[in-house]
Amino acid sequence: MKLFNLFRIAYRSLNRNKLRSFLTMLGIIIGVASVIAMLAIGEGSNQTIQKSIASLGTNSIYIFPGTNANGGVRGGAGSNQTLKLEDADAIAAHCDLVKYVTPLVQRKSQIIFGAKNWNTMIIGIRNDYMLIRSLSITKGSGFSEADQRSAAKVCLVGVTVIFNLFGDENYNPIGQIIRINSIPVKIVGVLAKMGQNTFGQDQDDIVLAPFYTVQKRMMISTDHIGSILASGKSELQVVDAVDQITSLLREKHKIAPSDEIDFTVRTQSELSNIFGSITKVMTILLASIAGISLLVGGIGIMNIMLVSVTERTREIGIRMAIGAKGRDVLFQFVIESILISVVGGVIGIVVGVLAAELVATFGGWPVVITPLSIILSFGFSSAIGLFFGWYPARKAAALNPIDALRYE
Amino acid sequence: MAETENLITVKDLTKTYQTGSVEVFALKAISLTINKGEFVAIMGASGSGKSTFMNIIGCLDNPTSGEYLMEGKDVLTRDKDELAELRNSKLGFVFQSFNLLPRTSAQENVELPLLYNNKVEASVREQKAIDALTSVGLADRLGAMPNELSGGQQQRVAIARALVNAPLVIMADEPTGNLDSKTSYEIMGIFQKLNDEGITVVMVTHEPDIAQFAKSNIVFKDGKIIANHPVTDRKIAMEELKKIATLTDENSTT
Ligand SMILES: Nc1ncnc2c1ncn2[C@@H]1O[C@H](COP(=O)(O)OP(=O)(O)O)[C@@H](O)[C@H]1O
Ligand SMILES: [Mg+2]
């Protein structure tokens, strides 16, 4: 049999059954497009989260009060007040693998300027904070050592705060006095715009003040601090720095070697792993939805193919009666399935990519199209198309022509 | 090449259908010879085994036992592909229900056997299909879909399809079963013309007046041949059609 003739026969057959061909194709299009779009969204957010975590500085070390042990009834990290300022000072003094360190205290507060007020997070920092977080100041300047020592009533503000207090992001607020918890505080600098983080948190909705200013003037308890942020000398030494910090604090907190520690030390990479697993869950979720669409698409293909078996079996009977060989019939059906799969698959890829781009443009959601999703979805739907095109054809081609003609 | 050369020879052809626990003996040791150039009409009551016999000699079905020779060569030992080639180039089968591919034009239906024939070049395919359709009087309906054609026209497309590969024999199972008598006569006219051109025709019919167009009649009963005789008072389709034409003319003038 000349292959070209079979292509002609297959093409005519598809053309003759336009609706059936289209419906089969639709199953493939839906399957392929949804898998590509879903996985693109999942992968996109995954990469963005990883990126924004990495931007926090890969050698950052977080020290939270409370235990990190699992099980039992425990408050979990941050629920206890076990960290003190002297812990931060001790780390700075004794841990030679730690480059920068700052104690942190923070509090949600009402801030007022004139008739306007705004509720935001006030964080008390040492100047090292700016270096660890790589923060820059666009207007004005940071805190001096004198500001730090004297608990000066000065602050740095993010642009969201400026917008809400002064009505314009670009307003220059340097020198203005705002009231935080009724305390008049002078704005000395504006933080560079950072935008939203991956969780949609506005990172510009923030006020920074010298550590003592917040701890002594704004906190109820002045004994404890919220957490400590540090950074290792180098990325490679972060793990060793964590060990140093842990044994130092263990000593300072007088914890016996057999007892559990009352603080938690986390590195940036551990945190990215935690968030990574969150996005993995999300990707799995999206992938399951995509998988279900693929399955539904596959069942659609299967249905169309099986419903047409009677008609197709008769057709095969006619073809065999006028001299088609078994393999002619099989080839014809395989070619038909391949044509449908390729055309449907390509349309599906285009639709999937377009859908992903739409989500990216209008939803502001990051998307990354992975080759795996294309191969996976395309392979799966064409395999189904191929199988359900080929299998009934093979059965019919094995019949006597007269039985195929009589098939009901 | 003589008129008496054997085309089809069957010996002790038997077909048994197993339906549940019941065995149906559709053919009981049929032996028969059909010569080249013959025009045979197979008659018999419904259920007498005519279709079963036709399907077997048309290589659409296998017998339970027996021998089948075509041009002196064994048919039943051939494999499926060889049988497909036989059906494609030597046999032309015409069904009572036409069995055209739906939503496929008359010309494409007729081209189909050529597409399955490796010996036919693409360049001549179209012309052969057009010639075959012209010879059955459908030169002006090449692009028509089956559902746009009358029963008689559909059967003519089926005949064109059967003869497009220039077969030795046309086998027709009740080709006029779904047609009125005038259309039936027209089909008989085509068969007689093809037969005159040297193609052997084997046809099943249960209508005695249709059987009169053949050269000889075979009668089946309960899976056996009970009679095999030449047609004495053979009808010629052209003449019968003329008679009908004058009859209707007279009717319309009165
Ligand atoms: N596929 C089949 N399965 C079972 N019995 C069949 C089948 N085809 C035909 N028969 C039986 O074989 C006998 C002959 O049938 P058939 O050749 O169709 O007769 P005819 O064409 O003369 O009417 C009948 O009794 C019929 O019921
Ligand atoms: Mg019959």
# chains A, B, ... in the order shown; residues from 1 in each chain; ligands from 1
>>> select_by_dssp(residues="region 34-238 of chain B", states="helix (DSSP H, G or I)", output="MDAnalysis selection string")
chainID B and resid 50:57 80:89 106:115 122:135 139:141 146:148 151:163 181:196 208:211 237:238
>>> closest_atom_pairs(of="chain B", to="ligand 1", cutoff="12 Å", atoms="only C-alpha atoms and all ligand atoms", output="tab-separated table")
residue	atom	partner	partner_atom_place_in_ligand_line	distance
B:Thr14	CA	ligand 1	12 (O)	11.2
B:Lys15	CA	ligand 1	12 (O)	8.2
B:Thr16	CA	ligand 1	12 (O)	7.7
B:Tyr17	CA	ligand 1	4 (C)	4.8
B:Gln18	CA	ligand 1	4 (C)	6.4
B:Thr19	CA	ligand 1	4 (C)	5.6
B:Gly20	CA	ligand 1	4 (C)	9.4
B:Ser21	CA	ligand 1	4 (C)	11.4
B:Val22	CA	ligand 1	4 (C)	9.4
B:Glu23	CA	ligand 1	5 (N)	8.4
B:Val24	CA	ligand 1	12 (O)	6.1
B:Phe25	CA	ligand 1	12 (O)	6.7
B:Ala26	CA	ligand 1	12 (O)	4.2
B:Leu27	CA	ligand 1	14 (C)	7.3
B:Lys28	CA	ligand 1	14 (C)	10.5
B:Ile42	CA	ligand 1	22 (O)	9.1
B:Met43	CA	ligand 1	22 (O)	8.1
B:Gly44	CA	ligand 1	22 (O)	6.3
B:Ala45	CA	ligand 1	22 (O)	6.1
B:Ser46	CA	ligand 1	23 (O)	3.6
B:Gly47	CA	ligand 1	19 (O)	3.4
B:Ser48	CA	ligand 1	22 (O)	3.9
B:Gly49	CA	ligand 1	17 (O)	3.2
B:Lys50	CA	ligand 1	22 (O)	3.7
B:Ser51	CA	ligand 1	21 (O)	3.6
B:Thr52	CA	ligand 1	17 (O)	3.6
B:Phe53	CA	ligand 1	17 (O)	6.4
B:Met54	CA	ligand 1	17 (O)	8.0
B:Asn55	CA	ligand 1	17 (O)	8.4
B:Ile56	CA	ligand 1	17 (O)	9.9
B:Asp61	CA	ligand 1	1 (N)	10.0
B:Asn62	CA	ligand 1	1 (N)	11.6
B:Pro63	CA	ligand 1	17 (O)	11.8
B:Phe95	CA	ligand 1	21 (O)	11.6
B:Gln96	CA	ligand 1	21 (O)	10.7
B:Ala172	CA	ligand 1	21 (O)	11.6
B:Asp173	CA	ligand 1	21 (O)	8.0
B:Glu174	CA	ligand 1	21 (O)	8.6
B:Gly177	CA	ligand 1	21 (O)	11.6
B:Met203	CA	ligand 1	21 (O)	11.4
B:Val204	CA	ligand 1	21 (O)	8.1
B:Thr205	CA	ligand 1	21 (O)	9.0
B:His206	CA	ligand 1	22 (O)	8.6
B:Val219	CA	ligand 1	22 (O)	10.0
B:Phe220	CA	ligand 1	22 (O)	7.5
B:Lys221	CA	ligand 1	22 (O)	8.2
B:Asp222	CA	ligand 1	14 (C)	7.8
B:Gly223	CA	ligand 1	14 (C)	7.0
B:Lys224	CA	ligand 1	22 (O)	10.5
B:Ile225	CA	ligand 1	22 (O)	11.4
>>> residues_around(residues="Gly298 (chain A)", least_positions_apart="3", cutoff="7 Å", atoms="only C-alpha atoms", output="PyMOL selection string")
chain A and resi 27+294-295+301-302+381+384
>>> interface_residues(of="chain A", to="chain B", cutoff="6 Å", atoms="only C-alpha atoms", output="list in words")
Met1, Asn5, Arg16, Ile322, Gly323, Ala324, Lys325, Asn400, Pro401 and Ile402 of chain A
>>> residues_around(residues="Asn228 (chain B)", least_positions_apart="4", cutoff="9 Å", atoms="only C-alpha atoms", output="ChimeraX atom specification")
/B:216-219
>>> write_last_selection(atoms="all heavy atoms", output="JSON list (two decimals), in the first residue's frame")
[["chain", "number", "residue", "atom", "x", "y", "z"],
["B", 216, "SER", "N", -28.58, -18.14, -16.74],
["B", 216, "SER", "CA", -29.00, -19.39, -16.11],
["B", 216, "SER", "C", -29.44, -19.12, -14.69],
["B", 216, "SER", "O", -29.05, -18.12, -14.09],
["B", 216, "SER", "CB", -27.87, -20.42, -16.14],
["B", 216, "SER", "OG", -26.82, -19.98, -15.32],
["B", 217, "ASN", "N", -30.29, -20.00, -14.17],
["B", 217, "ASN", "CA", -30.81, -19.87, -12.83],
["B", 217, "ASN", "C", -30.42, -21.07, -11.98],
["B", 217, "ASN", "O", -30.49, -22.21, -12.43],
["B", 217, "ASN", "CB", -32.34, -19.76, -12.83],
["B", 217, "ASN", "CG", -32.81, -18.41, -13.35],
["B", 217, "ASN", "OD1", -32.00, -17.53, -13.64],
["B", 217, "ASN", "ND2", -34.12, -18.26, -13.49],
["B", 218, "ILE", "N", -30.01, -20.77, -10.73],
["B", 218, "ILE", "CA", -29.74, -21.83, -9.76],
["B", 218, "ILE", "C", -30.72, -21.62, -8.62],
["B", 218, "ILE", "O", -30.93, -20.49, -8.18],
["B", 218, "ILE", "CB", -28.29, -21.74, -9.25],
["B", 218, "ILE", "CG1", -27.32, -22.03, -10.41],
["B", 218, "ILE", "CG2", -28.06, -22.69, -8.09],
["B", 218, "ILE", "CD1", -25.87, -21.82, -10.06],
["B", 219, "VAL", "N", -31.33, -22.68, -8.15],
["B", 219, "VAL", "CA", -32.30, -22.54, -7.07],
["B", 219, "VAL", "C", -31.78, -23.24, -5.81],
["B", 219, "VAL", "O", -31.37, -24.40, -5.86],
["B", 219, "VAL", "CB", -33.68, -23.12, -7.47],
["B", 219, "VAL", "CG1", -34.68, -22.89, -6.34],
["B", 219, "VAL", "CG2", -34.16, -22.49, -8.77]]
>>> residues_around(residues="Ile316 (chain A)", least_positions_apart="4", cutoff="7 Å", atoms="only C-alpha atoms", output="list of chain:residue names")
A:Arg312, A:Met320, A:Val329, A:Ala396, A:Ala397, A:Ala404
>>> atom_distance(atom1="CA of Asn178 (chain B)", atom2="CA of Glu207 (chain B)")
11.8 Å
>>> closest_residue(among="A:Ile228, A:Ile91, A:Leu165, A:Leu339", to="Arg12 (chain A)", atoms="only C-alpha atoms")
A:Leu339
>>> residues_around(residues="region 130-139 of chain B", least_positions_apart="3", cutoff="12 Å", atoms="only C-alpha atoms", output="PyMOL selection string")
chain B and resi 105-111+113-114+124-127+142-144+149-150+152-166+186-194+197
>>> residues_around(residues="Ser234 (chain A)", least_positions_apart="3", cutoff="8 Å", atoms="only C-alpha atoms", output="list in words")
Asn59, Gln237 and Val238 of chain A
>>> atom_distance(atom1="CA of Pro208 (chain B)", atom2="CA of Leu405 (chain A)")
27.4 Å
